[in-house]
$ cat target_8.pdb   # PDB, C-alpha atoms and all ligand atoms
ATOM      1  CA  MET A   1      24.751 -14.906  12.391
ATOM      2  CA  ARG A   2      26.762 -14.241   9.254
ATOM      3  CA  ARG A   3      25.799 -16.580   6.456
ATOM      4  CA  ARG A   4      28.693 -18.607   5.063
ATOM      5  CA  PRO A   5      29.520 -17.537   1.519
ATOM      6  CA  LYS A   6      28.137 -20.054  -0.904
ATOM      7  CA  PHE A   7      31.415 -21.056  -2.503
ATOM      8  CA  LEU A   8      32.848 -22.125   0.845
ATOM      9  CA  GLU A   9      30.037 -24.609   1.285
ATOM     10  CA  THR A  10      31.343 -26.504  -1.727
ATOM     11  CA  LEU A  11      34.817 -26.992  -0.245
ATOM     12  CA  PRO A  12      35.661 -30.074   1.835
ATOM     13  CA  PRO A  13      35.658 -29.532   5.599
ATOM     14  CA  ALA A  14      38.948 -28.440   7.160
ATOM     15  CA  PRO A  15      39.911 -27.704  10.740
ATOM     16  CA  GLN A  16      41.190 -24.188   9.952
ATOM     17  CA  ALA A  17      39.015 -21.144  10.351
ATOM     18  CA  LEU A  18      37.772 -20.074   6.956
ATOM     19  CA  PRO A  19      38.193 -16.591   5.541
ATOM     20  CA  ILE A  20      35.120 -14.457   5.884
ATOM     21  CA  CYS A  21      34.639 -13.416   2.288
ATOM     22  CA  THR A  22      32.211 -10.599   2.871
ATOM     23  CA  GLN A  23      31.825  -8.786  -0.408
ATOM     24  CA  GLU A  24      31.712  -5.091   0.455
ATOM     25  CA  ILE A  25      32.587  -3.979  -3.064
ATOM     26  CA  THR A  26      31.108  -4.792  -6.437
ATOM     27  CA  PRO A  27      32.870  -5.033  -9.811
ATOM     28  CA  PRO A  28      33.324  -1.651 -11.506
ATOM     29  CA  ASP A  29      31.743  -0.832 -14.862
ATOM     30  CA  LEU A  30      34.762  -0.797 -17.149
ATOM     31  CA  SER A  31      32.791  -0.442 -20.373
ATOM     32  CA  PRO A  32      34.024   3.153 -21.053
ATOM     33  CA  TRP A  33      37.629   1.884 -21.090
ATOM     34  CA  LEU A  34      37.316  -1.258 -23.172
ATOM     35  CA  ALA A  35      37.326   0.412 -26.577
ATOM     36  CA  ASP A  36      40.508   0.482 -28.595
ATOM     37  CA  HIS A  37      41.721   3.866 -27.245
ATOM     38  CA  CYS A  38      45.446   3.339 -27.636
ATOM     39  CA  GLY A  39      45.650   0.359 -29.917
ATOM     40  CA  ILE A  40      45.004  -2.200 -27.168
ATOM     41  CA  PRO A  41      41.520  -2.696 -25.681
ATOM     42  CA  GLY A  42      41.465  -2.114 -21.914
ATOM     43  CA  VAL A  43      44.657  -0.015 -21.929
ATOM     44  CA  MET A  44      44.559   3.759 -21.447
ATOM     45  CA  HIS A  45      47.557   6.041 -22.000
ATOM     46  CA  HIS A  46      48.035   9.661 -21.072
ATOM     47  CA  GLU A  47      51.153  11.544 -22.041
ATOM     48  CA  ALA A  48      52.438  14.830 -20.590
ATOM     49  CA  PRO A  49      54.261  17.431 -22.713
ATOM     50  CA  ARG A  50      57.144  17.351 -20.217
ATOM     51  CA  PRO A  51      59.449  14.308 -20.359
ATOM     52  CA  GLY A  52      59.413  11.828 -17.518
ATOM     53  CA  PRO A  53      59.114   8.132 -16.737
ATOM     54  CA  HIS A  54      56.580   5.783 -18.289
ATOM     55  CA  VAL A  55      54.613   4.540 -15.263
ATOM     56  CA  VAL A  56      52.377   1.503 -15.772
ATOM     57  CA  LEU A  57      49.644   0.440 -13.350
ATOM     58  CA  THR A  58      48.213  -3.027 -13.936
ATOM     59  CA  ALA A  59      44.968  -4.275 -12.390
ATOM     60  CA  LEU A  60      43.072  -7.551 -12.901
ATOM     61  CA  ILE A  61      46.104  -9.748 -13.574
ATOM     62  CA  HIS A  62      43.868 -11.910 -11.384
ATOM     63  CA  GLY A  63      40.324 -11.449 -12.687
ATOM     64  CA  ASN A  64      38.578 -11.565  -9.305
ATOM     65  CA  GLU A  65      40.866  -8.999  -7.618
ATOM     66  CA  PHE A  66      39.060  -5.887  -8.777
ATOM     67  CA  ALA A  67      39.918  -3.395  -5.997
ATOM     68  CA  GLY A  68      42.775  -2.212  -8.237
ATOM     69  CA  ALA A  69      40.388  -1.882 -11.195
ATOM     70  CA  ILE A  70      38.091   0.305  -9.069
ATOM     71  CA  VAL A  71      41.038   2.625  -8.388
ATOM     72  CA  LEU A  72      42.125   2.780 -12.049
ATOM     73  CA  ASP A  73      38.498   3.461 -13.029
ATOM     74  CA  ARG A  74      38.460   6.245 -10.397
ATOM     75  CA  LEU A  75      41.649   7.816 -11.833
ATOM     76  CA  LEU A  76      40.130   7.725 -15.317
ATOM     77  CA  ARG A  77      36.820   9.255 -14.214
ATOM     78  CA  GLU A  78      38.736  11.977 -12.299
ATOM     79  CA  GLN A  79      40.663  12.605 -15.519
ATOM     80  CA  VAL A  80      43.967  12.424 -13.671
ATOM     81  CA  ARG A  81      46.728  13.465 -16.061
ATOM     82  CA  PRO A  82      50.489  13.019 -15.546
ATOM     83  CA  ALA A  83      52.492  16.202 -14.903
ATOM     84  CA  CYS A  84      55.363  14.599 -16.796
ATOM     85  CA  GLY A  85      56.114  11.400 -18.662
ATOM     86  CA  ARG A  86      53.472   8.877 -19.539
ATOM     87  CA  LEU A  87      50.850   7.065 -17.486
ATOM     88  CA  SER A  88      49.418   3.758 -18.728
ATOM     89  CA  LEU A  89      46.493   2.076 -16.980
ATOM     90  CA  VAL A  90      46.030  -1.583 -17.862
ATOM     91  CA  PHE A  91      42.998  -3.765 -17.166
ATOM     92  CA  ALA A  92      44.765  -7.062 -17.693
ATOM     93  CA  ASN A  93      42.685 -10.238 -17.538
ATOM     94  CA  LEU A  94      39.371  -8.890 -18.803
ATOM     95  CA  ALA A  95      38.178 -12.350 -19.878
ATOM     96  CA  ALA A  96      38.479 -13.663 -16.314
ATOM     97  CA  PHE A  97      37.001 -10.468 -14.828
ATOM     98  CA  ALA A  98      33.950 -10.833 -17.110
ATOM     99  CA  ARG A  99      33.254 -14.202 -15.489
ATOM    100  CA  PHE A 100      33.129 -12.828 -11.933
ATOM    101  CA  THR A 101      30.081 -13.925 -10.025
ATOM    102  CA  PRO A 102      29.406 -13.166  -6.332
ATOM    103  CA  ASP A 103      28.199 -16.747  -5.822
ATOM    104  CA  ASN A 104      31.615 -18.170  -6.694
ATOM    105  CA  PRO A 105      34.045 -15.264  -6.463
ATOM    106  CA  VAL A 106      37.244 -17.301  -6.418
ATOM    107  CA  ALA A 107      36.535 -19.058  -9.733
ATOM    108  CA  SER A 108      37.312 -16.001 -11.870
ATOM    109  CA  ARG A 109      40.959 -15.691 -10.815
ATOM    110  CA  PHE A 110      41.826 -16.835 -14.337
ATOM    111  CA  VAL A 111      40.276 -18.615 -17.315
ATOM    112  CA  GLU A 112      42.901 -21.182 -18.336
ATOM    113  CA  GLU A 113      46.050 -20.444 -16.366
ATOM    114  CA  ASP A 114      47.386 -18.027 -13.775
ATOM    115  CA  MET A 115      48.295 -14.842 -15.668
ATOM    116  CA  ASN A 116      50.869 -14.073 -12.996
ATOM    117  CA  ARG A 117      53.008 -17.122 -13.862
ATOM    118  CA  VAL A 118      53.596 -16.590 -17.594
ATOM    119  CA  TRP A 119      56.092 -13.718 -17.667
ATOM    120  CA  ASN A 120      59.133 -15.182 -19.313
ATOM    121  CA  ARG A 121      60.304 -14.675 -22.882
ATOM    122  CA  GLN A 122      60.141 -18.399 -23.594
ATOM    123  CA  SER A 123      56.420 -18.709 -22.802
ATOM    124  CA  LEU A 124      55.541 -15.386 -24.389
ATOM    125  CA  SER A 125      57.294 -16.168 -27.687
ATOM    126  CA  SER A 126      56.213 -19.831 -27.827
ATOM    127  CA  PRO A 127      53.434 -21.035 -30.152
ATOM    128  CA  ARG A 128      51.411 -22.183 -27.122
ATOM    129  CA  ARG A 129      48.154 -20.309 -26.684
ATOM    130  CA  SER A 130      45.790 -19.684 -23.795
ATOM    131  CA  THR A 131      43.435 -16.874 -22.838
ATOM    132  CA  GLU A 132      46.053 -15.514 -20.454
ATOM    133  CA  LEU A 133      49.072 -15.923 -22.758
ATOM    134  CA  ASP A 134      47.198 -14.219 -25.599
ATOM    135  CA  ARG A 135      46.314 -11.286 -23.353
ATOM    136  CA  ALA A 136      49.858 -11.074 -21.941
ATOM    137  CA  ARG A 137      51.161 -10.858 -25.530
ATOM    138  CA  ALA A 138      48.596  -8.167 -26.349
ATOM    139  CA  ILE A 139      49.690  -5.894 -23.482
ATOM    140  CA  LEU A 140      53.402  -6.673 -23.923
ATOM    141  CA  PRO A 141      54.154  -3.463 -25.897
ATOM    142  CA  VAL A 142      53.090  -1.482 -22.809
ATOM    143  CA  ILE A 143      55.058  -3.681 -20.391
ATOM    144  CA  ASP A 144      58.133  -3.580 -22.652
ATOM    145  CA  THR A 145      58.257   0.228 -22.487
ATOM    146  CA  ALA A 146      57.535   0.617 -18.747
ATOM    147  CA  ASP A 147      60.134   2.370 -16.641
ATOM    148  CA  ILE A 148      58.193   1.778 -13.429
ATOM    149  CA  LEU A 149      55.350  -0.692 -12.908
ATOM    150  CA  MET A 150      53.017  -1.384 -10.015
ATOM    151  CA  ASP A 151      50.861  -4.505 -10.224
ATOM    152  CA  LEU A 152      47.706  -4.259  -8.105
ATOM    153  CA  HIS A 153      46.493  -7.323  -6.219
ATOM    154  CA  SER A 154      44.556  -8.356  -3.123
ATOM    155  CA  MET A 155      44.454 -11.385  -0.813
ATOM    156  CA  LEU A 156      42.036 -14.246  -0.113
ATOM    157  CA  TRP A 157      43.228 -14.815   3.454
ATOM    158  CA  PRO A 158      43.349 -11.976   5.983
ATOM    159  CA  GLY A 159      46.635 -10.176   6.377
ATOM    160  CA  ALA A 160      48.412  -6.838   6.602
ATOM    161  CA  PRO A 161      48.776  -4.944   3.298
ATOM    162  CA  LEU A 162      52.274  -5.174   1.870
ATOM    163  CA  ILE A 163      54.381  -4.477  -1.182
ATOM    164  CA  LEU A 164      56.238  -7.382  -2.762
ATOM    165  CA  ALA A 165      59.504  -6.080  -4.185
ATOM    166  CA  GLY A 166      60.688  -9.214  -6.002
ATOM    167  CA  ALA A 167      64.354 -10.088  -5.753
ATOM    168  CA  THR A 168      65.945  -6.900  -7.054
ATOM    169  CA  GLU A 169      67.465  -3.922  -5.303
ATOM    170  CA  SER A 170      65.557  -1.617  -7.681
ATOM    171  CA  GLY A 171      62.244  -3.215  -6.646
ATOM    172  CA  ARG A 172      63.135  -2.863  -2.979
ATOM    173  CA  ARG A 173      64.137   0.761  -3.430
ATOM    174  CA  LEU A 174      60.955   1.598  -5.325
ATOM    175  CA  SER A 175      58.758  -0.160  -2.739
ATOM    176  CA  THR A 176      60.369   1.550   0.237
ATOM    177  CA  MET A 177      60.223   4.941  -1.497
ATOM    178  CA  ILE A 178      56.470   4.499  -1.998
ATOM    179  CA  GLY A 179      56.238   3.794   1.737
ATOM    180  CA  ASP A 180      52.488   3.171   1.670
ATOM    181  CA  PRO A 181      51.814   0.504   2.849
ATOM    182  CA  PRO A 182      55.058   0.552   4.832
ATOM    183  CA  LEU A 183      55.586  -3.221   4.865
ATOM    184  CA  VAL A 184      57.974  -4.303   2.063
ATOM    185  CA  VAL A 185      58.883  -7.928   1.392
ATOM    186  CA  SER A 186      61.601  -9.082  -1.008
ATOM    187  CA  ASP A 187      61.087 -12.528  -2.488
ATOM    188  CA  HIS A 188      61.944 -14.790  -5.403
ATOM    189  CA  GLY A 189      58.402 -15.510  -6.572
ATOM    190  CA  HIS A 190      56.925 -18.907  -7.293
ATOM    191  CA  GLN A 191      58.306 -22.101  -8.816
ATOM    192  CA  ALA A 192      55.206 -22.370 -11.023
ATOM    193  CA  GLY A 193      56.394 -19.472 -13.180
ATOM    194  CA  PRO A 194      57.504 -15.846 -13.147
ATOM    195  CA  ARG A 195      55.142 -13.111 -12.068
ATOM    196  CA  LEU A 196      54.868  -9.849 -13.982
ATOM    197  CA  ILE A 197      57.307  -8.239 -11.522
ATOM    198  CA  ASP A 198      59.749 -11.104 -12.235
ATOM    199  CA  TYR A 199      59.732 -10.341 -15.975
ATOM    200  CA  ALA A 200      63.311  -9.820 -17.215
ATOM    201  CA  ARG A 201      62.761  -6.147 -18.014
ATOM    202  CA  PHE A 202      62.390  -5.504 -14.271
ATOM    203  CA  ALA A 203      64.153  -8.494 -12.698
ATOM    204  CA  ASP A 204      67.533  -8.388 -14.449
ATOM    205  CA  PRO A 205      69.947  -7.199 -11.759
ATOM    206  CA  ASP A 206      71.372  -4.479 -14.028
ATOM    207  CA  SER A 207      68.006  -3.261 -15.286
ATOM    208  CA  PRO A 208      67.281   0.451 -14.841
ATOM    209  CA  TYR A 209      63.559  -0.372 -14.660
ATOM    210  CA  ALA A 210      61.672  -1.332 -11.514
ATOM    211  CA  ALA A 211      58.441  -3.097 -10.606
ATOM    212  CA  CYS A 212      56.575  -3.997  -7.441
ATOM    213  CA  LEU A 213      53.366  -5.810  -6.524
ATOM    214  CA  LEU A 214      50.831  -4.413  -4.094
ATOM    215  CA  GLU A 215      48.860  -6.847  -1.924
ATOM    216  CA  ALA A 216      46.378  -4.320  -0.596
ATOM    217  CA  GLY A 217      44.229  -6.436   1.741
ATOM    218  CA  ALA A 218      41.255  -8.784   1.492
ATOM    219  CA  HIS A 219      39.859  -9.208  -2.024
ATOM    220  CA  TRP A 220      36.455  -7.606  -1.582
ATOM    221  CA  ALA A 221      36.918  -5.312   1.434
ATOM    222  CA  ALA A 222      36.220  -1.583   1.092
ATOM    223  CA  ASP A 223      39.502  -0.830   2.931
ATOM    224  CA  THR A 224      41.422  -2.609   0.174
ATOM    225  CA  VAL A 225      40.227  -0.045  -2.374
ATOM    226  CA  GLU A 226      41.385   2.843  -0.190
ATOM    227  CA  THR A 227      44.752   1.166   0.542
ATOM    228  CA  THR A 228      45.228   0.697  -3.210
ATOM    229  CA  ASP A 229      44.208   4.288  -3.942
ATOM    230  CA  SER A 230      46.658   5.598  -1.379
ATOM    231  CA  ALA A 231      49.546   3.424  -2.654
ATOM    232  CA  VAL A 232      48.892   4.322  -6.307
ATOM    233  CA  ARG A 233      48.861   8.054  -5.590
ATOM    234  CA  ALA A 234      52.017   7.722  -3.444
ATOM    235  CA  LEU A 235      53.726   6.006  -6.385
ATOM    236  CA  LEU A 236      52.582   8.686  -8.847
ATOM    237  CA  ARG A 237      53.834  11.427  -6.501
ATOM    238  CA  HIS A 238      57.145   9.623  -6.025
ATOM    239  CA  CYS A 239      57.600   9.431  -9.820
ATOM    240  CA  GLY A 240      56.672  13.092 -10.311
ATOM    241  CA  LEU A 241      53.501  12.317 -12.278
ATOM    242  CA  LEU A 242      51.382  13.888  -9.538
ATOM    243  CA  PRO A 243      52.447  16.937  -7.505
ATOM    244  CA  ALA A 244      54.094  16.230  -4.149
ATOM    245  CA  VAL A 245      51.996  16.755  -1.040
ATOM    246  CA  PRO A 246      54.354  18.317   1.527
ATOM    247  CA  GLU A 247      52.139  17.645   4.526
ATOM    248  CA  SER A 248      52.071  13.877   3.962
ATOM    249  CA  PRO A 249      55.528  12.585   4.841
ATOM    250  CA  VAL A 250      56.426   9.096   3.662
ATOM    251  CA  ALA A 251      56.355   6.579   6.504
ATOM    252  CA  ALA A 252      59.508   4.616   7.250
ATOM    253  CA  SER A 253      59.132   1.242   5.585
ATOM    254  CA  ARG A 254      59.898  -2.041   7.244
ATOM    255  CA  HIS A 255      61.803  -4.350   4.894
ATOM    256  CA  LEU A 256      61.839  -8.131   5.200
ATOM    257  CA  VAL A 257      63.311 -10.858   3.031
ATOM    258  CA  VAL A 258      61.644 -14.201   2.346
ATOM    259  CA  THR A 259      64.022 -16.945   3.526
ATOM    260  CA  ASP A 260      61.857 -20.067   3.284
ATOM    261  CA  ILE A 261      58.924 -21.275   1.238
ATOM    262  CA  VAL A 262      56.875 -23.875   3.094
ATOM    263  CA  THR A 263      55.159 -26.201   0.624
ATOM    264  CA  ALA A 264      52.502 -28.650   1.780
ATOM    265  CA  GLN A 265      53.932 -32.144   1.240
ATOM    266  CA  THR A 266      50.817 -34.017   2.355
ATOM    267  CA  PRO A 267      47.072 -33.473   2.032
ATOM    268  CA  SER A 268      46.880 -33.352   5.835
ATOM    269  CA  PHE A 269      48.898 -30.119   6.195
ATOM    270  CA  ARG A 270      47.366 -28.166   9.090
ATOM    271  CA  PHE A 271      48.392 -24.935  10.763
ATOM    272  CA  VAL A 272      48.128 -25.126  14.558
ATOM    273  CA  ARG A 273      45.956 -22.000  14.439
ATOM    274  CA  PRO A 274      44.665 -19.604  11.764
ATOM    275  CA  PHE A 275      47.698 -17.328  11.468
ATOM    276  CA  LEU A 276      47.345 -13.891   9.919
ATOM    277  CA  GLY A 277      49.504 -12.615   7.076
ATOM    278  CA  GLY A 278      52.145 -10.252   8.438
ATOM    279  CA  GLU A 279      52.048 -11.876  11.877
ATOM    280  CA  ILE A 280      55.449 -11.891  13.602
ATOM    281  CA  ILE A 281      56.311 -14.996  15.620
ATOM    282  CA  ARG A 282      58.747 -13.894  18.283
ATOM    283  CA  ARG A 283      60.220 -17.209  19.448
ATOM    284  CA  GLN A 284      62.483 -19.387  17.332
ATOM    285  CA  GLY A 285      61.213 -22.965  17.147
ATOM    286  CA  THR A 286      57.511 -22.084  17.539
ATOM    287  CA  LEU A 287      55.295 -24.787  16.036
ATOM    288  CA  LEU A 288      53.396 -23.396  13.045
ATOM    289  CA  ALA A 289      51.955 -26.458  11.377
ATOM    290  CA  GLN A 290      51.892 -30.218  11.146
ATOM    291  CA  ASP A 291      52.476 -31.701   7.685
ATOM    292  CA  GLY A 292      51.935 -35.462   7.940
ATOM    293  CA  PRO A 293      54.727 -36.624  10.242
ATOM    294  CA  ASP A 294      56.665 -33.340   9.925
ATOM    295  CA  GLU A 295      56.496 -30.376  12.242
ATOM    296  CA  ILE A 296      56.939 -26.912  10.704
ATOM    297  CA  ARG A 297      58.611 -24.548  13.161
ATOM    298  CA  THR A 298      59.939 -21.006  12.913
ATOM    299  CA  PRO A 299      63.649 -21.147  12.011
ATOM    300  CA  TYR A 300      64.623 -17.890  13.754
ATOM    301  CA  PRO A 301      63.253 -15.295  16.194
ATOM    302  CA  ASP A 302      60.915 -12.545  14.906
ATOM    303  CA  CYS A 303      59.839 -14.599  11.911
ATOM    304  CA  MET A 304      57.143 -12.989   9.763
ATOM    305  CA  LEU A 305      54.486 -15.112   8.056
ATOM    306  CA  VAL A 306      53.876 -13.909   4.518
ATOM    307  CA  MET A 307      50.364 -14.587   3.219
ATOM    308  CA  PRO A 308      49.654 -17.967   4.863
ATOM    309  CA  ASN A 309      47.319 -20.134   2.810
ATOM    310  CA  LEU A 310      45.325 -21.836   5.537
ATOM    311  CA  ARG A 311      44.034 -24.570   3.253
ATOM    312  CA  PRO A 312      46.913 -25.530   0.968
ATOM    313  CA  GLY A 313      46.572 -28.485  -1.349
ATOM    314  CA  ARG A 314      49.485 -30.913  -1.630
ATOM    315  CA  GLY A 315      52.343 -29.215  -3.482
ATOM    316  CA  GLN A 316      50.975 -25.719  -2.879
ATOM    317  CA  THR A 317      52.737 -22.954  -0.981
ATOM    318  CA  ALA A 318      51.385 -22.932   2.578
ATOM    319  CA  VAL A 319      53.330 -19.927   3.835
ATOM    320  CA  ARG A 320      56.499 -17.988   3.195
ATOM    321  CA  LEU A 321      58.760 -17.048   6.096
ATOM    322  CA  ALA A 322      60.482 -13.683   6.130
ATOM    323  CA  GLN A 323      63.218 -12.140   8.208
ATOM    324  CA  THR A 324      63.930  -8.487   8.877
ATOM    325  CA  SER A 325      66.714  -7.384   6.555
ATOM    326  CA  TYR A 326      70.023  -6.185   7.960
ATOM    327  CA  PRO A 327      71.194  -3.545   7.711
ATOM    328  CA  ARG A 328      67.789  -1.945   7.997
ATOM    329  CA  PRO A 329      66.985   0.418   5.102
TER
HETATM  330 ZN    ZN B   1      46.583 -11.618  -7.139
END
$ encode --input "target_8.pdb" --output "structure tokens"
Amino acid sequence: MRRRPKFLETLPPAPQALPICTQEITPPDLSPWLADHCGIPGVMHHEAPRPGPHVVLTALIHGNEFAGAIVLDRLLREQVRPACGRLSLVFANLAAFARFTPDNPVASRFVEEDMNRVWNRQSLSSPRRSTELDRARAILPVIDTADILMDLHSMLWPGAPLILAGATESGRRLSTMIGDPPLVVSDHGHQAGPRLIDYARFADPDSPYAACLLEAGAHWAADTVETTDSAVRALLRHCGLLPAVPESPVAASRHLVVTDIVTAQTPSFRFVRPFLGGEIIRRQGTLLAQDGPDEIRTPYPDCMLVMPNLRPGRGQTAVRLAQTSYPRP
């Protein structure tokens, strides 16, 4: 029998099935990349003689999601160089990553605050300080010159890999052009604060710059590394930084739009079963969850569940509901 991961034993009992947090991967050794190579520790630049876009790949915005860091480390060890433009590889929340421990792998998501909720000018230019705000300010010169950015993440609860495109047409276009993974979801982010992809440089409707966020699979699954690797190389090919591979056609993406954010209003929020991220519920009115006296049902047919959180605390997002966009891209 599989032993329950230790950190789950410290959580209160809940009727939902718990995620099986098998740790198939271990944190990469980033020590070769932490020196002050380009003026900012943990940031590596490579510039091609030919002009082209500045493409930025960010890993470790959440310190315990290191599949993306493994892929950036792999690109650096392979000495991948852009054919044009500039490639910047950013290991973001190094302070949180340094605290990762297999015995409590969820604790190192951040040190003081979620680094993916601080990306507005007001917070970044305020006198307020935190580990994450300080680091966001340190890497800001890279973010502020990015033409195209992909932010690499993974998921605690099981679900299909997807690309979050934010709310912009440019994000949607970029995500569907990458096509790997082929599931693209447009959304408006979180009330708690803007994500990196919601930063004004990318999220202003008239901006020529574009960003997307990869959710590549379960945090510590080996498949998540390969999904990330594949998506990163597809992006670099799409931007012309890596040569095109003619025999690997881009898959047709499926594009959905988040229509509803279901927030747990009571501590007794319970899904009726452990839904998977990316699951499509065919019938309108299907019961998803009970939240105190309220029933949560699908508002339309073919409703997709985006990253359900099977154990939401009161006030936390339990699930986002997404609808296939029309006209289809
Ligand atoms: Zn994340």
$ resolve_selection --input "target_8.pdb" --expression "the PyMOL selection byres (((not hetatm)) within 8 of (chain B and resi 1))" --output "list in words"
Leu60, Ile61, His62, Glu65, Arg109, Asn116, Leu152, His153, Ser154, Met155 and Glu215 of chain A
$ residues_around --input "target_8.pdb" --residues "Leu214 of chain A" --least-positions-apart "5" --cutoff "8 Å" --atoms "all atoms listed in the file" --output "VMD selection string"
chain A and resid 150 to 154 161 to 164 228
$ closest_residue --input "target_8.pdb" --among "A:Leu87, A:Met307, A:Ile148, A:Met44" --to "Leu242 of chain A" --atoms "only C-alpha atoms"
A:Leu87
$ residues_around --input "target_8.pdb" --residues "Thr227 of chain A" --least-positions-apart "4" --cutoff "7 Å" --atoms "all atoms listed in the file" --output "PyMOL selection string"
chain A and resi 216+223+231
$ residues_near_point --input "target_8.pdb" --point "(40.9, -12.2, -10.4)" --cutoff "12 Å" --atoms "all atoms listed in the file" --output "PyMOL selection string"
chain A and resi 27+59-69+91-101+104-111+113-116+132+152-156+219-220
$ atom_distance --input "target_8.pdb" --atom1 "atom CA of Ile70 of chain A" --atom2 "atom CA of Val225 of chain A"
7.0 Å
$ atom_distance --input "target_8.pdb" --atom1 "atom CA of Asp204 of chain A" --atom2 "atom CA of Ala167 of chain A"
9.4 Å
$ residues_around --input "target_8.pdb" --residues "Val55 of chain A" --least-positions-apart "5" --cutoff "12 Å" --atoms "all atoms listed in the file" --output "NGL selection string"
:A and (44-48 or 81-90 or 142-151 or 209-212 or 232-233 or 235-242)
$ atom_distance --input "target_8.pdb" --atom1 "atom CA of Ser130 of chain A" --atom2 "atom CA of Tyr199 of chain A"
18.5 Å
$ closest_residue --input "target_8.pdb" --among "A:Glu279, A:Asp294, A:Asp36, A:Asp260" --to "Pro158 of chain A" --atoms "all atoms listed in the file"
A:Glu279
